[in-house]
Structures are given as C-alpha cells and as structure tokens.
>>> print(open('entry-v7.tsv').read())   # TSV, C-alpha atoms
chain	number	residue	atom	x	y	z
A	1	MET	CA	-105.60	81.94	117.75
A	2	ALA	CA	-108.17	79.79	115.97
A	3	LYS	CA	-110.04	80.26	112.73
A	4	ILE	CA	-113.74	80.17	113.64
A	5	LEU	CA	-116.65	80.14	111.22
A	6	VAL	CA	-119.84	81.77	112.52
A	7	ILE	CA	-123.01	80.79	110.65
A	8	GLU	CA	-125.70	83.20	111.86
A	9	ASP	CA	-128.47	85.00	109.98
A	10	ASN	CA	-129.23	87.64	112.65
A	11	ALA	CA	-126.98	90.69	112.14
A	12	ALA	CA	-126.92	91.64	115.84
A	13	ASN	CA	-126.01	88.08	116.91
A	14	MET	CA	-123.33	87.90	114.20
A	15	LYS	CA	-121.85	91.20	115.37
A	16	LEU	CA	-121.78	90.06	119.00
A	17	ALA	CA	-120.22	86.68	118.19
A	18	SER	CA	-117.60	88.29	115.94
A	19	LEU	CA	-116.75	90.89	118.59
A	20	LEU	CA	-116.36	88.26	121.30
A	21	LEU	CA	-114.23	86.02	119.08
A	22	ASN	CA	-112.04	88.88	117.84
A	23	ASN	CA	-111.54	90.07	121.44
A	24	ALA	CA	-110.32	86.58	122.32
A	25	GLY	CA	-107.80	86.72	119.46
A	26	HIS	CA	-109.60	84.44	117.01
A	27	TYR	CA	-109.90	84.96	113.26
A	28	VAL	CA	-113.57	85.05	112.24
A	29	LEU	CA	-115.18	83.84	109.03
A	30	SER	CA	-118.88	84.60	108.69
A	31	ALA	CA	-121.84	83.27	106.75
A	32	ILE	CA	-125.47	84.39	106.91
A	33	ASP	CA	-126.94	81.10	105.70
A	34	ALA	CA	-126.15	77.40	105.80
A	35	GLU	CA	-125.33	77.10	102.10
A	36	THR	CA	-122.62	79.77	102.32
A	37	GLY	CA	-121.41	78.28	105.59
A	38	LEU	CA	-121.05	74.82	104.09
A	39	THR	CA	-119.04	76.23	101.19
A	40	LEU	CA	-116.77	78.20	103.55
A	41	ALA	CA	-116.30	75.20	105.83
A	42	ARG	CA	-115.16	73.05	102.93
A	43	SER	CA	-112.91	75.65	101.33
A	44	ARG	CA	-111.43	77.39	104.39
A	45	GLN	CA	-111.32	74.50	106.88
A	46	PRO	CA	-112.02	76.43	110.10
A	47	ASP	CA	-110.84	75.08	113.46
A	48	LEU	CA	-114.38	75.37	114.87
A	49	ILE	CA	-117.89	76.36	113.76
A	50	LEU	CA	-120.54	78.30	115.68
A	51	MET	CA	-123.83	77.23	114.08
A	52	ASP	CA	-127.15	78.98	114.57
A	53	ILE	CA	-129.87	76.36	114.56
A	54	GLN	CA	-132.69	78.49	113.12
A	55	LEU	CA	-131.39	79.49	109.71
A	56	PRO	CA	-133.32	80.27	106.53
A	57	GLY	CA	-133.28	77.51	103.93
A	58	ILE	CA	-131.23	74.64	105.30
A	59	ASP	CA	-131.44	74.83	109.09
A	60	GLY	CA	-128.39	74.52	111.34
A	61	LEU	CA	-129.08	70.92	112.33
A	62	ALA	CA	-129.31	69.77	108.72
A	63	ALA	CA	-126.17	71.76	107.87
A	64	THR	CA	-124.31	70.17	110.79
A	65	ALA	CA	-125.36	66.70	109.66
A	66	LEU	CA	-124.02	67.47	106.16
A	67	LEU	CA	-120.74	68.71	107.63
A	68	LYS	CA	-120.33	65.57	109.74
A	69	GLN	CA	-121.02	63.31	106.72
A	70	ASP	CA	-118.34	65.02	104.60
A	71	PRO	CA	-114.81	63.66	105.13
A	72	LEU	CA	-113.42	67.18	104.51
A	73	THR	CA	-115.38	68.69	107.42
A	74	ALA	CA	-116.38	65.79	109.68
A	75	SER	CA	-113.71	66.49	112.29
A	76	ILE	CA	-114.49	70.22	112.69
A	77	PRO	CA	-116.15	70.80	116.08
A	78	VAL	CA	-119.57	72.48	115.87
A	79	ILE	CA	-121.19	74.47	118.65
A	80	ALA	CA	-124.96	74.83	118.28
A	81	LEU	CA	-126.24	78.32	119.08
A	82	THR	CA	-129.94	78.63	119.71
A	83	ALA	CA	-132.64	80.48	121.54
A	84	MET	CA	-134.37	77.13	122.02
A	85	ALA	CA	-133.14	75.87	125.38
A	86	MET	CA	-135.24	72.75	125.89
A	87	LYS	CA	-133.72	69.33	126.65
A	88	ALA	CA	-135.20	67.95	123.42
A	89	ASP	CA	-133.41	70.68	121.45
A	90	GLN	CA	-130.10	69.69	123.01
A	91	GLU	CA	-130.74	66.07	122.07
A	92	LYS	CA	-131.58	67.04	118.47
A	93	SER	CA	-128.32	69.02	118.29
A	94	GLN	CA	-126.35	66.04	119.56
A	95	ILE	CA	-128.01	63.65	117.09
A	96	ALA	CA	-127.21	66.04	114.22
A	97	GLY	CA	-123.54	65.94	115.22
A	98	CYS	CA	-123.04	69.13	117.21
A	99	ASP	CA	-120.23	68.86	119.73
A	100	ALA	CA	-121.66	71.42	122.17
A	101	TYR	CA	-124.79	73.47	122.72
A	102	ILE	CA	-125.07	77.05	123.93
A	103	ALA	CA	-128.38	78.79	124.50
A	104	LYS	CA	-128.70	82.43	123.50
A	105	PRO	CA	-128.18	85.13	124.57
A	106	LEU	CA	-124.45	84.52	124.27
A	107	ARG	CA	-122.46	84.89	127.46
A	108	TYR	CA	-118.79	85.39	126.76
A	109	ARG	CA	-117.40	83.16	129.52
A	110	GLU	CA	-119.64	80.30	128.46
A	111	LEU	CA	-118.63	80.76	124.81
A	112	TYR	CA	-114.91	81.00	125.57
A	113	ARG	CA	-115.04	77.92	127.79
A	114	ALA	CA	-116.81	75.84	125.13
A	115	ILE	CA	-114.30	76.92	122.49
A	116	ASP	CA	-111.32	76.18	124.74
A	117	ILE	CA	-112.67	72.72	125.63
A	118	LEU	CA	-113.42	71.77	122.04
A	119	LEU	CA	-110.14	73.05	120.62
A	120	LEU	CA	-108.23	71.09	123.28
A	121	LYS	CA	-110.24	67.95	122.46
A	122	GLU	CA	-109.65	68.42	118.73
A	123	LYS	CA	-107.16	65.55	118.66
A	124	THR	CA	-109.21	63.22	120.87
A	125	PRO	CA	-112.45	61.32	120.20
A	126	ARG	CA	-115.58	63.45	120.01
A	127	VAL	CA	-117.24	63.98	123.37
A	128	TRP	CA	-120.65	65.67	123.65
A	129	LEU	CA	-120.74	68.80	125.77
A	130	ALA	CA	-124.20	69.60	127.05
A	131	SER	CA	-125.04	73.20	127.58
A	132	ILE	CA	-121.80	74.65	128.85
A	133	SER	CA	-123.73	76.68	131.41
A	134	GLU	CA	-124.69	73.41	133.09
A	135	GLN	CA	-121.00	72.55	133.44
A	136	THR	CA	-119.79	75.97	134.56
A	137	PRO	CA	-119.49	76.46	138.32
A	138	ALA	CA	-121.83	79.17	139.61
A	139	SER	CA	-118.85	81.25	140.71
A	140	GLU	CA	-117.67	81.47	137.07
A	141	LYS	CA	-121.03	82.27	135.49
A	142	ALA	CA	-121.49	85.78	134.26
A	143	PRO	CA	-124.93	87.35	134.45
A	144	SER	CA	-126.53	87.44	131.01
A	145	SER	CA	-126.29	91.22	131.04
A	146	GLU	CA	-122.51	91.16	131.65
A	147	LYS	CA	-120.51	92.57	128.76
A	148	ALA	CA	-117.31	91.16	127.34
A	149	PRO	CA	-114.07	92.62	128.72
>>> encode(input="entry-v7.tsv", output="structure tokens")
Amino acid sequence: MAKILVIEDNAANMKLASLLLNNAGHYVLSAIDAETGLTLARSRQPDLILMDIQLPGIDGLAATALLKQDPLTASIPVIALTAMAMKADQEKSQIAGCDAYIAKPLRYRELYRAIDILLLKEKTPRVWLASISEQTPASEKAPSSEKAP
C-alpha cells in the first residue's frame, strides 16, 4: 500500500482517481490546487503524486518543477494527468520533471501499471515513461468505458 497524493481540481476526476486508488489498496491524500498540493507533498511525503496539468493558479507543470527543485520532494515520482494528449504536451511534462504521463479519461489498468512501474523504480535512477498506453500491449488495454473492478 502506497501513500498517493492526487492534485486535481475537477471533483469528478478526483472522485474517480480516489476510488481507483482506494480499490487498489492505496492511501489517498487530495488537493484541489497546486499550492495545497505542494504543502501536502512537503509535509506528508507521499510515495507518488498524480498531478493534473491544468490547475487554477500554479499549473501542474510549474508545480512539478517546484517539487523537483526541492530536496524534500525531488525524489517523489510524479504522474502527469491531462486531457491534452499531444506529443508536445508529453515533452513539456517530461521537461517539467514528470516521471510518466497519462491522458484522460483515466483507465484503471493504465493507471495501476504506471504506479506499479514507478514505485518499483523508486530506488533506481529516474526513467521517463511516455504515455503508459503506448507501452501497454493491446491485449491488456481496457476500453475507455471499462469500469474498475
């Protein structure tokens, strides 16, 4: 069980992410804006962060860059969550310091796989994971309408 911080301003997306993470046995911390998320990351030291990119105020990319510059939070893996699924958006996420990138809508197998990979790599050098859906064999991909178990 990991402690995962979800930084998401959309209530429906927050509810879905929390449900999926709780169903997988993770403890969920939540923040509806980057400022609160940064404070929680520093004080609670989560094992992983799910970061919405389009946040009010400080956006998710700027927040990730701040996290990666802070010695207290630099080693926490960050998964970018975004409705923007263009190659340039993935590159911006990587430059900001995100460790992985998942396009919305969330698909539970894709999310679980990204989390498992990043938590296993926690002790090794940071390796960029492109969109997990690009790395998931077609036989393992769930249709976007598939619900969590």
>>> residues_around(input="entry-v7.tsv", residues="Ile4 in chain A", least_positions_apart="2", cutoff="9 Å", atoms="only C-alpha atoms", output="list of chain:residue names")
A:Ala2, A:Val6, A:Leu21, A:His26, A:Tyr27, A:Val28, A:Leu29, A:Ser30, A:Pro46, A:Asp47, A:Leu48, A:Ile49, A:Leu50
>>> residues_near_point(input="entry-v7.tsv", point="(-107.3, 86.8, 126.2)", cutoff="10 Å", atoms="all atoms listed in the file", output="ChimeraX atom specification")
/A:1,21-26,112,149
>>> closest_residue(input="entry-v7.tsv", among="A:Leu20, A:Ala41, A:Met51, A:Ala88", to="Pro71 in chain A", atoms="all atoms listed in the file")
A:Ala41
>>> closest_residue(input="entry-v7.tsv", among="A:Leu38, A:Thr82, A:Ser93, A:Ser18", to="Leu67 in chain A", atoms="only C-alpha atoms")
A:Leu38
>>> atom_distance(input="entry-v7.tsv", atom1="CA of Asp59 in chain A", atom2="CA of Leu16 in chain A")
20.6 Å
>>> atom_distance(input="entry-v7.tsv", atom1="CA of Gly57 in chain A", atom2="CA of Leu111 in chain A")
25.7 Å
>>> atom_distance(input="entry-v7.tsv", atom1="CA of Ile102 in chain A", atom2="CA of Ile79 in chain A")
7.0 Å
>>> residues_near_point(input="entry-v7.tsv", point="(-131.3, 80.5, 124.9)", cutoff="9 Å", atoms="only C-alpha atoms", output="PDB file with C-alpha atoms, in the frame of the given file")
ATOM      1  CA  LEU A  81    -126.240  78.320 119.080  1.00  0.00           C
ATOM      2  CA  THR A  82    -129.940  78.630 119.710  1.00  0.00           C
ATOM      3  CA  ALA A  83    -132.640  80.480 121.540  1.00  0.00           C
ATOM      4  CA  MET A  84    -134.370  77.130 122.020  1.00  0.00           C
ATOM      5  CA  ALA A  85    -133.140  75.870 125.380  1.00  0.00           C
ATOM      6  CA  MET A  86    -135.240  72.750 125.890  1.00  0.00           C
ATOM      7  CA  ILE A 102    -125.070  77.050 123.930  1.00  0.00           C
ATOM      8  CA  ALA A 103    -128.380  78.790 124.500  1.00  0.00           C
ATOM      9  CA  LYS A 104    -128.700  82.430 123.500  1.00  0.00           C
ATOM     10  CA  PRO A 105    -128.180  85.130 124.570  1.00  0.00           C
ATOM     11  CA  LEU A 106    -124.450  84.520 124.270  1.00  0.00           C
TER      12      LEU A 106
END
>>> closest_residue(input="entry-v7.tsv", among="A:Leu119, A:Leu72, A:Ala12, A:Glu110", to="Ser43 in chain A", atoms="only C-alpha atoms")
A:Leu72
>>> residues_around(input="entry-v7.tsv", residues="Lys92 in chain A", least_positions_apart="3", cutoff="12 Å", atoms="all atoms listed in the file", output="list of chain:residue names")
A:Ile53, A:Gly60, A:Leu61, A:Ala62, A:Thr64, A:Ala65, A:Ala80, A:Thr82, A:Met84, A:Ala85, A:Met86, A:Lys87, A:Ala88, A:Asp89, A:Ile95, A:Ala96, A:Gly97, A:Cys98, A:Asp99, A:Ala100, A:Tyr101, A:Ala130
>>> closest_residue(input="entry-v7.tsv", among="A:Glu91, A:Asp70, A:Glu8, A:Asp116", to="Gly37 in chain A", atoms="all atoms listed in the file")
A:Glu8
>>> decode(input="entry-v7.tsv", residues="range 19-41 of chain A", atoms="C-alpha atoms", output="compact mmCIF listing (two decimals), in the first residue's frame")
# COMPACT_ATOMS: atom_id res chain seq x y z
CA LEU A 19 -11.86 5.39 -5.94
CA LEU A 20 -9.36 3.63 -8.20
CA LEU A 21 -6.50 4.17 -5.77
CA ASN A 22 -8.52 3.09 -2.72
CA ASN A 23 -9.69 -0.04 -4.59
CA ALA A 24 -6.03 -0.88 -5.23
CA GLY A 25 -5.28 -0.56 -1.51
CA HIS A 26 -3.52 2.81 -1.58
CA TYR A 27 -3.93 5.61 0.95
CA VAL A 28 -5.05 8.80 -0.81
CA LEU A 29 -4.21 12.40 0.04
CA SER A 30 -6.01 15.01 -2.04
CA ALA A 31 -5.52 18.63 -3.02
CA ILE A 32 -7.67 20.76 -5.31
CA ASP A 33 -4.90 23.20 -6.27
CA ALA A 34 -1.14 23.23 -6.71
CA GLU A 35 -0.43 25.38 -3.66
CA THR A 36 -2.19 22.93 -1.33
CA GLY A 37 -0.58 20.02 -3.14
CA LEU A 38 2.91 21.46 -2.70
CA THR A 39 2.29 21.94 1.02
CA LEU A 40 0.97 18.38 1.40
CA ALA A 41 3.86 16.93 -0.60
